[in-house]
Every structure is written in C-alpha cells, then in structure tokens.
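final_23.cif follows (mmCIF, C-alpha atoms and all ligand atoms):
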```cif
data_my_file
#
loop_
_atom_site.label_atom_id
_atom_site.label_comp_id
_atom_site.auth_asym_id
_atom_site.auth_seq_id
_atom_site.Cartn_x
_atom_site.Cartn_y
_atom_site.Cartn_z
CA MET A 1 0.00 0.00 0.00
CA GLN A 2 1.41 3.42 -0.98
CA LYS A 3 2.09 5.77 1.96
CA ILE A 4 1.06 9.39 1.51
CA ALA A 5 1.82 12.39 3.72
CA ILE A 6 -0.36 15.45 3.27
CA ILE A 7 0.85 18.80 4.59
CA GLY A 8 -2.04 21.14 5.45
CA GLY A 9 -5.61 20.56 6.57
CA GLY A 10 -7.33 23.13 4.33
CA PRO A 11 -9.68 22.36 1.40
CA ALA A 12 -6.95 20.84 -0.80
CA GLY A 13 -5.37 18.69 1.91
CA LEU A 14 -8.62 17.42 3.40
CA THR A 15 -10.09 16.56 0.00
CA ALA A 16 -6.89 14.70 -0.93
CA ALA A 17 -7.00 12.86 2.41
CA ILE A 18 -10.58 11.66 1.85
CA ASP A 19 -9.96 10.63 -1.75
CA GLY A 20 -6.63 9.01 -0.79
CA ALA A 21 -8.30 6.82 1.83
CA LYS A 22 -11.12 5.97 -0.59
CA ASN A 23 -8.48 4.87 -3.11
CA GLY A 24 -6.93 2.49 -0.58
CA LEU A 25 -3.83 4.59 0.17
CA SER A 26 -2.33 4.91 3.64
CA VAL A 27 -2.73 8.61 4.51
CA ASP A 28 -1.25 10.78 7.26
CA LEU A 29 -2.17 14.48 7.34
CA TYR A 30 -0.12 17.12 9.19
CA GLU A 31 -1.74 20.44 10.14
CA GLN A 32 0.14 23.20 11.97
CA TYR A 33 -2.96 24.34 13.94
CA HIS A 34 -6.23 22.67 14.93
CA ILE A 35 -8.29 21.90 11.81
CA GLY A 36 -10.44 24.94 11.07
CA ASP A 37 -8.35 27.50 12.98
CA HIS A 38 -6.86 30.67 11.44
CA ILE A 39 -8.78 30.42 8.18
CA ARG A 40 -8.51 33.41 5.85
CA CYS A 41 -11.55 33.47 3.63
CA ALA A 42 -14.79 35.26 2.72
CA GLU A 43 -16.43 31.81 2.89
CA GLY A 44 -18.23 31.81 -0.45
CA PHE A 45 -18.13 28.24 -1.77
CA PHE A 46 -18.58 28.49 -5.54
CA ASP A 47 -18.08 25.18 -7.32
CA THR A 48 -17.76 26.87 -10.69
CA LEU A 49 -17.26 23.64 -12.68
CA ASN A 50 -20.03 21.82 -10.83
CA MET A 51 -17.74 18.96 -9.81
CA LEU A 52 -17.99 18.90 -6.03
CA GLY A 53 -21.62 18.68 -4.97
CA GLU A 54 -23.18 20.42 -2.00
CA PRO A 55 -20.85 21.07 0.95
CA LYS A 56 -21.57 18.39 3.56
CA ALA A 57 -21.11 20.53 6.67
CA GLY A 58 -21.04 24.15 7.70
CA VAL A 59 -23.65 25.38 5.21
CA ARG A 60 -25.10 28.77 6.11
CA PHE A 61 -27.30 29.20 3.02
CA LYS A 62 -27.53 28.56 -0.71
CA VAL A 63 -26.89 31.86 -2.46
CA ASP A 64 -30.01 33.01 -4.38
CA GLU A 65 -28.33 35.83 -6.20
CA MET A 66 -25.20 37.87 -6.52
CA LYS A 67 -25.48 41.61 -6.79
CA PHE A 68 -22.59 43.12 -8.72
CA LYS A 69 -21.90 46.83 -8.95
CA VAL A 70 -19.76 48.61 -11.51
CA LYS A 71 -21.33 52.04 -12.02
CA HIS A 72 -24.78 50.51 -11.71
CA GLU A 73 -25.95 47.46 -9.81
CA TYR A 74 -26.73 44.22 -11.62
CA VAL A 75 -28.43 41.20 -10.08
CA PHE A 76 -27.34 37.76 -11.25
CA PRO A 77 -29.72 35.09 -9.92
CA SER A 78 -28.66 31.52 -9.17
CA ASP A 79 -30.50 28.46 -10.43
CA ASP A 80 -30.46 24.76 -9.49
CA GLN A 81 -27.23 24.26 -11.46
CA THR A 82 -25.41 27.05 -9.64
CA ASN A 83 -23.46 25.36 -6.85
CA LEU A 84 -22.88 28.48 -4.76
CA TRP A 85 -23.12 28.53 -0.98
CA MET A 86 -22.16 30.62 1.99
CA ILE A 87 -20.44 28.32 4.44
CA ASP A 88 -18.70 28.39 7.77
CA ARG A 89 -15.31 27.09 6.69
CA ARG A 90 -14.30 26.06 10.17
CA GLU A 91 -17.35 23.78 10.51
CA TRP A 92 -16.98 22.58 6.94
CA GLN A 93 -13.33 21.63 7.41
CA ILE A 94 -13.97 19.97 10.78
CA GLY A 95 -16.65 17.93 8.96
CA LEU A 96 -14.18 16.94 6.25
CA ALA A 97 -11.59 15.98 8.87
CA GLU A 98 -14.17 13.76 10.62
CA GLU A 99 -14.96 12.08 7.33
CA ALA A 100 -11.25 11.55 6.63
CA ARG A 101 -10.68 10.05 10.09
CA SER A 102 -13.66 7.75 9.67
CA LEU A 103 -12.04 6.43 6.48
CA GLY A 104 -8.78 5.67 8.32
CA VAL A 105 -6.72 8.85 7.79
CA THR A 106 -4.47 9.79 10.72
CA ILE A 107 -4.53 13.55 11.32
CA TYR A 108 -1.73 15.13 13.35
CA GLU A 109 -2.90 18.56 14.51
CA ASN A 110 -0.61 21.24 15.98
CA THR A 111 2.18 19.73 13.89
CA ALA A 112 3.96 22.27 11.71
CA ILE A 113 6.18 20.84 9.01
CA SER A 114 9.46 22.73 8.99
CA LYS A 115 12.00 22.54 6.15
CA ASP A 116 13.88 19.84 8.08
CA LYS A 117 10.71 17.82 8.75
CA PHE A 118 9.77 18.15 5.08
CA LYS A 119 13.07 16.54 4.10
CA LYS A 120 12.29 13.65 6.49
CA LEU A 121 8.74 13.26 5.14
CA VAL A 122 9.85 12.96 1.54
CA GLN A 123 12.17 10.15 2.64
CA ALA A 124 9.60 8.37 4.80
CA TYR A 125 6.60 8.45 2.44
CA ASP A 126 6.08 7.34 -1.16
CA TRP A 127 4.43 10.68 -1.94
CA VAL A 128 4.00 14.00 -0.16
CA ILE A 129 1.05 16.20 -1.11
CA ASP A 130 1.87 19.78 -0.25
CA SER A 131 -1.42 21.53 0.55
CA SER A 132 0.18 24.09 2.83
CA GLY A 133 -1.17 27.15 0.99
CA ALA A 134 1.09 29.99 -0.10
CA PRO A 135 3.98 30.33 0.29
CA SER A 136 4.15 26.54 0.37
CA ILE A 137 6.64 24.61 2.45
CA THR A 138 7.98 23.05 -0.79
CA SER A 139 8.73 26.54 -2.12
CA LYS A 140 10.71 27.31 1.03
CA VAL A 141 12.76 24.14 0.62
CA TYR A 142 13.31 24.70 -3.12
CA GLY A 143 13.79 28.47 -2.81
CA PHE A 144 10.89 29.83 -4.87
CA ASN A 145 8.76 31.26 -2.05
CA HIS A 146 9.09 34.83 -3.45
CA PHE A 147 7.28 33.70 -6.58
CA TYR A 148 3.91 33.76 -4.79
CA LYS A 149 4.29 37.27 -3.42
CA GLU A 150 5.25 38.58 -6.85
CA THR A 151 2.27 36.96 -8.62
CA SER A 152 -0.56 37.09 -6.09
CA GLY A 153 -3.58 39.25 -5.39
CA LEU A 154 -3.65 40.95 -2.01
CA THR A 155 -6.63 40.84 0.34
CA VAL A 156 -7.82 42.40 3.59
CA GLN A 157 -11.03 41.55 5.41
CA TYR A 158 -13.06 42.24 8.54
CA THR A 159 -15.87 40.16 9.94
CA LEU A 160 -18.57 42.59 11.01
CA LEU A 161 -21.55 42.22 13.34
CA GLY A 162 -24.61 44.35 12.59
CA ASP A 163 -27.81 44.33 10.56
CA PHE A 164 -27.22 42.48 7.28
CA SER A 165 -30.85 41.43 6.82
CA LYS A 166 -31.13 43.25 3.49
CA TYR A 167 -28.60 40.75 2.08
CA ASN A 168 -30.70 37.75 3.08
CA GLY A 169 -29.74 34.91 0.68
CA LYS A 170 -27.49 37.20 -1.35
CA ILE A 171 -23.86 38.12 -1.75
CA PHE A 172 -22.64 41.49 -2.96
CA ALA A 173 -19.51 42.54 -4.83
CA ALA A 174 -18.51 45.90 -6.30
CA LEU A 175 -15.71 46.89 -8.57
CA ILE A 176 -12.97 49.15 -7.30
CA GLU A 177 -12.16 51.90 -9.76
CA ASN A 178 -10.35 50.73 -12.90
CA TYR A 179 -10.69 47.18 -11.75
CA SER A 180 -7.51 46.85 -9.86
CA GLY A 181 -9.80 44.83 -7.66
CA TYR A 182 -13.20 44.59 -6.03
CA TYR A 183 -14.77 44.55 -2.60
CA TRP A 184 -17.32 42.15 -1.19
CA ILE A 185 -20.03 41.85 1.43
CA PHE A 186 -20.58 38.14 2.04
CA PRO A 187 -23.12 37.66 4.85
CA LYS A 188 -23.06 34.53 6.98
CA SER A 189 -26.36 35.39 8.65
CA ASN A 190 -28.64 38.42 9.08
CA HIS A 191 -26.24 39.82 11.66
CA GLU A 192 -22.74 38.78 10.54
CA ALA A 193 -20.78 39.28 7.30
CA ASN A 194 -17.29 39.07 5.86
CA VAL A 195 -16.44 42.41 4.30
CA GLY A 196 -13.19 42.70 2.43
CA LEU A 197 -11.38 43.62 -0.73
CA ILE A 198 -8.85 42.23 -3.15
CA PHE A 199 -6.34 44.05 -5.32
CA PHE A 200 -4.95 42.05 -8.22
CA LYS A 201 -2.35 44.57 -9.31
CA ASN A 202 0.42 46.08 -7.24
CA THR A 203 -0.96 49.13 -5.55
CA LYS A 204 0.48 51.95 -3.52
CA GLU A 205 -2.82 52.28 -1.67
CA ASN A 206 -3.00 51.09 1.91
CA LEU A 207 -5.56 48.29 1.63
CA TRP A 208 -6.83 48.76 5.18
CA ASP A 209 -7.50 52.46 4.45
CA GLU A 210 -9.33 51.41 1.28
CA LEU A 211 -11.44 48.94 3.26
CA GLU A 212 -12.33 51.65 5.79
CA LYS A 213 -13.58 53.78 2.87
CA VAL A 214 -15.72 50.85 1.68
CA ILE A 215 -17.15 50.34 5.16
CA GLU A 216 -18.01 54.03 5.37
CA LYS A 217 -19.54 54.08 1.87
CA GLU A 218 -21.69 51.01 2.55
CA GLY A 219 -23.03 52.46 5.81
CA LEU A 220 -21.29 49.87 8.00
CA ALA A 221 -19.11 52.23 10.04
CA SER A 222 -21.08 51.67 13.27
CA TYR A 223 -20.88 47.85 12.98
CA THR A 224 -18.65 45.84 15.31
CA LYS A 225 -15.45 44.36 13.93
CA THR A 226 -14.85 40.88 15.31
CA LYS A 227 -12.08 39.53 13.06
CA LYS A 228 -9.34 41.15 11.02
CA LEU A 229 -7.34 39.19 8.49
CA GLY A 230 -5.53 39.44 5.21
CA GLY A 231 -3.55 37.28 2.88
CA ILE A 232 -2.28 36.60 -0.59
CA CYS A 233 -4.24 34.94 -3.39
CA PRO A 234 -1.83 33.13 -5.73
CA VAL A 235 -3.19 33.28 -9.28
CA VAL A 236 -0.18 31.96 -11.21
CA GLN A 237 1.10 28.38 -11.21
CA PRO A 238 4.76 27.81 -10.31
CA GLU A 239 6.89 26.45 -13.14
CA LYS A 240 6.51 22.90 -11.83
CA LEU A 241 3.78 21.28 -9.73
CA VAL A 242 5.90 18.26 -8.74
CA TYR A 243 9.22 18.64 -6.87
CA GLY A 244 10.88 15.29 -6.23
CA ASN A 245 8.06 13.19 -4.78
CA ALA A 246 6.09 16.24 -3.55
CA LEU A 247 2.97 17.41 -5.44
CA LEU A 248 1.64 20.96 -5.02
CA THR A 249 -2.12 21.42 -4.67
CA GLY A 250 -4.52 24.35 -4.11
CA ASP A 251 -2.99 27.73 -3.31
CA ALA A 252 0.46 26.10 -3.17
CA ALA A 253 -0.07 25.35 -6.88
CA GLY A 254 -1.25 28.92 -7.64
CA LEU A 255 -4.78 27.85 -8.54
CA ILE A 256 -6.85 30.86 -7.45
CA SER A 257 -9.01 32.62 -10.05
CA ALA A 258 -7.40 35.86 -11.27
CA LEU A 259 -10.89 37.18 -11.98
CA HIS A 260 -12.56 36.86 -8.60
CA GLY A 261 -10.03 35.42 -6.12
CA GLY A 262 -12.00 32.23 -5.42
CA GLY A 263 -9.88 29.15 -4.84
CA ILE A 264 -11.74 26.70 -2.60
CA ASP A 265 -13.16 24.75 -5.55
CA ASN A 266 -9.87 24.57 -7.42
CA ALA A 267 -8.08 23.51 -4.23
CA CYS A 268 -10.50 20.59 -3.73
CA ILE A 269 -10.28 19.57 -7.38
CA SER A 270 -6.47 19.64 -7.36
CA GLY A 271 -6.47 17.44 -4.23
CA LYS A 272 -8.61 14.93 -6.11
CA ILE A 273 -6.39 15.01 -9.19
CA ALA A 274 -3.22 14.56 -7.10
CA ILE A 275 -4.68 11.39 -5.57
CA GLU A 276 -5.90 10.11 -8.92
CA CYS A 277 -2.39 10.51 -10.37
CA ILE A 278 -0.78 8.75 -7.41
CA ALA A 279 -3.32 5.91 -7.43
CA LYS A 280 -2.86 5.38 -11.18
CA ASN A 281 0.92 5.82 -11.09
CA GLU A 282 0.68 8.87 -13.35
CA VAL A 283 2.31 11.56 -11.26
CA ASP A 284 4.40 12.62 -14.28
CA GLN A 285 1.10 13.78 -15.84
CA TYR A 286 -0.09 15.70 -12.77
CA LYS A 287 0.41 19.23 -14.18
CA SER A 288 -1.18 18.40 -17.52
CA LYS A 289 -4.14 16.73 -15.80
CA ILE A 290 -4.62 19.81 -13.61
CA ASN A 291 -4.64 21.95 -16.73
CA ASP A 292 -6.95 19.59 -18.61
CA VAL A 293 -9.56 20.23 -15.93
CA LEU A 294 -8.81 23.75 -14.70
CA GLY A 295 -6.50 25.27 -17.31
CA LYS A 296 -9.09 26.71 -19.71
CA LYS A 297 -11.20 28.14 -16.94
CA LEU A 298 -8.23 29.74 -15.17
CA ALA A 299 -6.76 31.07 -18.42
CA GLY A 300 -10.17 32.46 -19.48
CA GLU A 301 -10.57 34.16 -16.11
CA THR A 302 -7.07 35.64 -16.33
CA ARG A 303 -7.78 36.99 -19.82
CA LEU A 304 -11.06 38.47 -18.69
CA ALA A 305 -9.36 40.08 -15.70
CA ASN A 306 -6.59 41.51 -17.89
CA LEU A 307 -9.21 42.89 -20.24
CA ALA A 308 -11.09 44.47 -17.38
CA TYR A 309 -7.87 46.13 -16.09
CA LYS A 310 -7.56 47.97 -19.40
CA LEU A 311 -11.09 49.34 -19.63
CA ASN A 312 -12.44 52.44 -17.98
CA PRO A 313 -15.37 51.87 -15.59
CA SER A 314 -17.99 53.31 -17.98
CA ILE A 315 -17.11 50.85 -20.73
CA LEU A 316 -16.89 48.03 -18.25
CA ASP A 317 -20.29 48.98 -16.92
CA LYS A 318 -21.70 48.79 -20.46
CA ILE A 319 -20.17 45.34 -20.95
CA VAL A 320 -21.63 44.06 -17.70
CA LYS A 321 -24.98 45.57 -18.73
CA VAL A 322 -24.95 43.60 -21.99
CA ILE A 323 -23.87 40.42 -20.20
CA HIS A 324 -26.61 40.97 -17.66
CA ARG A 325 -29.21 41.40 -20.43
CA SER A 326 -28.47 37.90 -21.70
CA ASN A 327 -30.42 36.84 -18.62
CA LYS A 328 -28.42 33.74 -17.73
CA PRO A 329 -28.19 32.34 -14.20
CA LEU A 330 -24.93 32.95 -12.36
CA GLY A 331 -23.70 29.38 -12.72
CA ALA A 332 -23.87 29.60 -16.52
CA TYR A 333 -21.16 32.27 -16.67
CA ALA A 334 -18.92 30.49 -14.22
CA PHE A 335 -19.36 27.08 -15.77
CA LEU A 336 -18.89 28.36 -19.28
CA ASN A 337 -15.64 30.02 -18.28
CA GLY A 338 -14.30 26.49 -18.50
CA ASN A 339 -14.67 26.68 -22.24
CA GLY A 340 -12.73 29.02 -24.50
CA ASP A 341 -15.82 29.66 -26.63
CA ALA A 342 -18.04 30.25 -23.63
CA PHE A 343 -19.10 33.77 -24.41
CA GLU A 344 -19.66 32.94 -28.07
CA LYS A 345 -21.84 30.01 -27.09
CA ILE A 346 -24.15 32.10 -24.99
CA GLY A 347 -24.14 34.75 -27.67
CA LEU A 348 -22.64 37.55 -25.65
CA LEU A 349 -21.49 40.81 -27.16
CA LYS A 350 -21.80 39.57 -30.71
CA GLY A 351 -18.33 38.09 -30.65
CA ILE A 352 -16.52 41.07 -29.13
CA ILE A 353 -15.50 39.37 -25.92
CA PRO A 354 -14.61 36.06 -27.59
CA SER A 355 -12.33 37.80 -30.06
CA ILE A 356 -10.59 39.76 -27.30
CA LEU A 357 -10.24 36.60 -25.24
CA LYS A 358 -8.60 34.78 -28.12
CA ASN A 359 -5.90 37.46 -28.48
C1 LIG B 401 -9.26 37.11 2.51
C2 LIG B 401 -9.50 35.94 1.59
C3 LIG B 401 -10.80 35.68 1.19
C4 LIG B 401 -11.05 34.57 0.35
N1 LIG B 401 -12.35 34.29 0.05
C5 LIG B 401 -12.63 33.22 -0.73
C6 LIG B 401 -13.97 32.86 -1.01
O1 LIG B 401 -14.92 33.47 -0.53
N2 LIG B 401 -14.19 31.77 -1.81
C7 LIG B 401 -13.17 31.03 -2.32
O2 LIG B 401 -13.42 30.07 -3.08
N3 LIG B 401 -11.88 31.34 -2.06
C8 LIG B 401 -11.59 32.39 -1.25
N4 LIG B 401 -10.28 32.67 -0.93
C9 LIG B 401 -9.24 31.76 -1.41
C10 LIG B 401 -9.28 30.47 -0.55
O3 LIG B 401 -9.25 30.81 0.80
C11 LIG B 401 -8.10 29.57 -0.91
O4 LIG B 401 -8.01 29.41 -2.31
C12 LIG B 401 -8.23 28.19 -0.26
O5 LIG B 401 -8.26 28.29 1.13
C13 LIG B 401 -7.04 27.31 -0.68
O6 LIG B 401 -7.08 26.09 0.01
P1 LIG B 401 -5.73 25.30 0.32
O7 LIG B 401 -6.14 24.05 0.97
O8 LIG B 401 -4.90 25.25 -0.90
O9 LIG B 401 -4.91 26.23 1.32
P2 LIG B 401 -5.28 26.80 2.75
O10 LIG B 401 -6.74 26.98 2.92
O11 LIG B 401 -4.39 27.99 2.93
O12 LIG B 401 -4.84 25.66 3.75
C14 LIG B 401 -3.49 25.43 4.04
C15 LIG B 401 -3.42 24.68 5.37
O13 LIG B 401 -2.07 24.27 5.58
C16 LIG B 401 -1.68 24.58 6.91
N5 LIG B 401 -0.23 24.74 6.89
C17 LIG B 401 0.48 25.74 6.29
N6 LIG B 401 1.79 25.54 6.43
C18 LIG B 401 1.92 24.39 7.14
C19 LIG B 401 3.05 23.65 7.60
N7 LIG B 401 4.30 24.07 7.37
N8 LIG B 401 2.83 22.50 8.30
C20 LIG B 401 1.57 22.06 8.54
N9 LIG B 401 0.46 22.73 8.14
C21 LIG B 401 0.65 23.88 7.42
C22 LIG B 401 -2.45 25.85 7.22
O14 LIG B 401 -2.59 26.05 8.62
C23 LIG B 401 -3.80 25.56 6.55
O15 LIG B 401 -4.68 24.86 7.39
C24 LIG B 401 -9.99 33.76 -0.11
C25 LIG B 401 -8.67 34.07 0.28
C26 LIG B 401 -8.43 35.14 1.13
C27 LIG B 401 -7.02 35.42 1.56
#
```

Let's see the structure in the file written out as structure tokens.
Ligand SMILES: Cc1cc2nc3c(=O)[nH]c(=O)nc-3n(C[C@H](O)[C@H](O)[C@H](O)COP(=O)(O)OP(=O)(O)OC[C@H]3O[C@@H](n4cnc5c(N)ncnc54)[C@H](O)[C@@H]3O)c2cc1C
Amino acid sequence: MQKIAIIGGGPAGLTAAIDGAKNGLSVDLYEQYHIGDHIRCAEGFFDTLNMLGEPKAGVRFKVDEMKFKVKHEYVFPSDDQTNLWMIDRREWQIGLAEEARSLGVTIYENTAISKDKFKKLVQAYDWVIDSSGAPSITSKVYGFNHFYKETSGLTVQYTLLGDFSKYNGKIFAALIENYSGYYWIFPKSNHEANVGLIFFKNTKENLWDELEKVIEKEGLASYTKTKKLGGICPVVQPEKLVYGNALLTGDAAGLISALHGGGIDNACISGKIAIECIAKNEVDQYKSKINDVLGKKLAGETRLANLAYKLNPSILDKIVKVIHRSNKPLGAYAFLNGNGDAFEKIGLLKGIIPSILKN
C-alpha cells in the first residue's frame, strides 16, 4: 500500500486525504494548527465547474443571487445548477476531517512541518502532497517562495456584526475603480458578514484604508469588527507542480481565479487530481491533468481580468450591462468560463469578448 503524507488541513489537503483513503492509500495528514483554525476566507463556496456537490457541513445558506456593482448594480440570480453557498469554513473543514478520520486517515494537529521535517517526510513516504497554501513549504525548501508574493492578489477583510438582513440569501460585490480589484459583502447570517477587498495589481494604496472607505460608503461604520485578516491569493502556477516526490495542490499550486479570487473549488479539485495521479501511477502527468480540468477556466478568467484592467469603468459597466441582459443564471457564466468559446456560445457581445479573449 502506498504511503502518503499530506501537509495542510485546508480544502486541498482534506479533499486529498478523503480521496486518498477511498483509493486504498495509507494517509497521514499534518496540520500546523487545529483543523479549522486561522482560516482566511470570505467563505463563499462556488463550485464553478459543478464537480464537487453540495458542501456536507457548515452550510449557512444557498446563495439566491449575486449583486454586482460597476457604475450601476446588476443582479445575477442563481439556479439549481449554480453550486454556490455561503459556508462556515471552520465547521466545513472539521466535517471533512471527521470524514477523513472515519475512512482511516491519521490527522496530526498542531504539527507544523518545517523545512527539516519536510526533508524527512519525503524520505519516509512514497508521496507528499503539499497543501500548505502559499507560500508553500515546498517553495521554502526549493527556494521559490518569493514567486507567490510577486504573482498574487492581495486581500484584507473584517468580519462585522450588525444588521445584514437586506442581504438575506445574497452576496454582494462591487468593482474598485479601474478594476484593480473589487470589494465584497458576504453575509453569513442576518447579523454577521465578511467584508473585504482584493487588489490584483500592485498598488500603492494602503488596503486597510481602502477597506475603511468601503465600510463608510456602505453604511457599515457603526458595525462591530470581530475579526481582522488578510492574505495573498496566488493566481499563477509555479513552473513545476511536482518537486521530487512532492505534489503541489490548491494555493500552493497557484490555482486561485485571477478574476474573482476564489480558490476553494480549485483547491479541492487539485487534491482529487493529485490522488488520482498517485493511485494510477501517473504523477508525471499531474500538471497536464490539472490543466486539462482547470486550465481553460483559469486562463479564461485571467484573460477576462486583464481585459477588465484595461477598460475604464464606464465601458466596463456597459459590458456588464450587456452580459446581464443575456439573462443567464450565475452558474452559466462560471461554468462556461471552463470553455474558450463560452461567451460565443451564450451569444454575448456579438463576438466582441470572444475575439478579445482569443488574443
Ligand atoms: C481574505 C481571503 C478571502 C477569500 N475568500 C474566498 C472565497 O470566498 N471563496 C473562495 O473560493 N476562495 C476564497 N479565498 C481563497 C481560498 O481561501 C483559498 O483558495 C483556499 O483556502 C485554498 O485552500 P488550500 O487548501 O490550498 O490552502 P489553505 O486553505 O491555505 O490551507 C493550508 C493549510 O495548511 C496549513 N499549513 C500551512 N503551512 C503548514 C506547515 N508548514 N505545516 C503544517 N500545516 C501547514 C495551514 O494552517 C492551513 O490549514 C480567499 C482568500 C483570502 C485570503
């Protein structure tokens, strides 16, 4: 039986652990904290490729609609095919860890893997799945940890307590001028929400000052701040995804969407693909398999984001208006991002967007 060590008990690591056990592998998972502690996330679970099913634990609500503001506000409703949820990631991950344990995975909590321990793990196990986020422990050992900082989006976020009842069942996002990023209000209940922003380009702005402006503008200044966090969102894959017998998954593999900063779904999917490659003895094909499944979607999202950077807000607003008029449910746009001809297929912009995306 092949022995697998997984570093990190986030979405990528826990999904790999469950799939590893289901595939008859012997799996040990090492997490530096307790599972579910110190999570940095707005907690929107958007399974854009519809591959993961409903989250099994920690669900707060299924998102009915997303409101998106450029110059004007546009409402994009969900439908049955749109697998979009607000979750409590701590509860969700504790649920995944319970499932993994029930399948025979040994989870070592409060066990940080240092560079020295990493070198021992790669000796002791057939395969190591590095799901340690960014910068990954592999990158520290192999000396490419700066890569993530140079290629990542930057985020800051507060959790606020107050009246969020007007967002019942909804999430809200609004563009920041010239689309260097956007801010979000993702409610977890009628009285609690994650409010944050992401910048995808280097900025001289102080992100916390920018977030204070958002809070003021959205009428949330009197609300109570209960959590403050920030982090990087790696949107570019490192040159390799396999170093020796260590496979990078999730954020460690740079799999966050450059368009919206979501990465939970891609992390889970990469954990599954890592296990599939190990179980089938096809680790040499790991990167190409990742890109078979996620490559078109991620590349399409990056092209869309780069396009949006170049446009002024009025033009962007017009584009979103036309997209909105096509009257598709939210999941249709996300799912179709997986296909290079997506916008052509749903007849958007009479070929303007598809032709830009192809260049
Ligand atoms: C502010 C913010 C908001 C976000 N909001 C969303 C959102 O709403 N929806 C969405 O889809 N994505 C969101 N993302 C992105 C999402 O959080 C990540 O893509 C996702 O968590 C990646 O999962 P992962 O398993 O690869 O890594 P992580 O979730 O980072 O998990 C890594 C795990 O490894 C552990 N670890 C790290 N180093 C070691 C070590 N040396 N030894 C042992 N354990 C270690 C960590 O403690 C952690 O538990 C957001 C990101 C940020 C920063």

Identify which of the residues A:Glu98, A:Glu205, A:Glu192, A:Asp88 lies closest to ligand LIG 401 (chain B), counting only C-alpha atoms and all ligand atoms when measuring atom-to-atom distances.
A:Asp88

Got a sec to check which residues lie within 7 Å of ligand LIG 401 (chain B), using all atoms listed in the file, and send them as a ChimeraX atom specification?
/A:7-13,30-33,35-36,38-46,111-114,131-134,136-137,155-157,196,229-233,249-252,256,261-265,267

So which residues touch Asn23 of chain A within 10 Å, counting only C-alpha atoms, skipping near sequence neighbours fewer than 5 positions away, as a VMD selection string?
chain A and resid 17 to 18 275 to 276 278 to 280

Print the selection's residues with C-alpha atoms to a file, as an mmCIF file, in the coordinates of the input.
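Wrote result-v4.cif, looks like this:
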```cif
data_model
loop_
_atom_site.group_PDB
_atom_site.id
_atom_site.type_symbol
_atom_site.label_atom_id
_atom_site.label_comp_id
_atom_site.auth_asym_id
_atom_site.auth_seq_id
_atom_site.Cartn_x
_atom_site.Cartn_y
_atom_site.Cartn_z
ATOM 1 C CA ALA A 17 -7.000 12.860 2.410
ATOM 2 C CA ILE A 18 -10.580 11.660 1.850
ATOM 3 C CA ILE A 275 -4.680 11.390 -5.570
ATOM 4 C CA GLU A 276 -5.900 10.110 -8.920
ATOM 5 C CA ILE A 278 -0.780 8.750 -7.410
ATOM 6 C CA ALA A 279 -3.320 5.910 -7.430
ATOM 7 C CA LYS A 280 -2.860 5.380 -11.180
#
```

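Using all atoms listed in the file, the shortest contact distance between Gly244 of chain A and any of A:Ile176, A:Ile269, A:Leu49, A:Val128 is found at A:Val128.
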
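Between Asn206 of chain A and the residues A:Leu311, A:Leu154, A:Leu25, A:Glu54, the shortest atom-to-atom distance, using all atoms listed in the file, involves A:Leu154.
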
What lies within 6 Å of Ile87 of chain A using only C-alpha atoms, ignoring chain neighbours under 2 positions off, as a ChimeraX atom specification?
/A:43,58-60,89
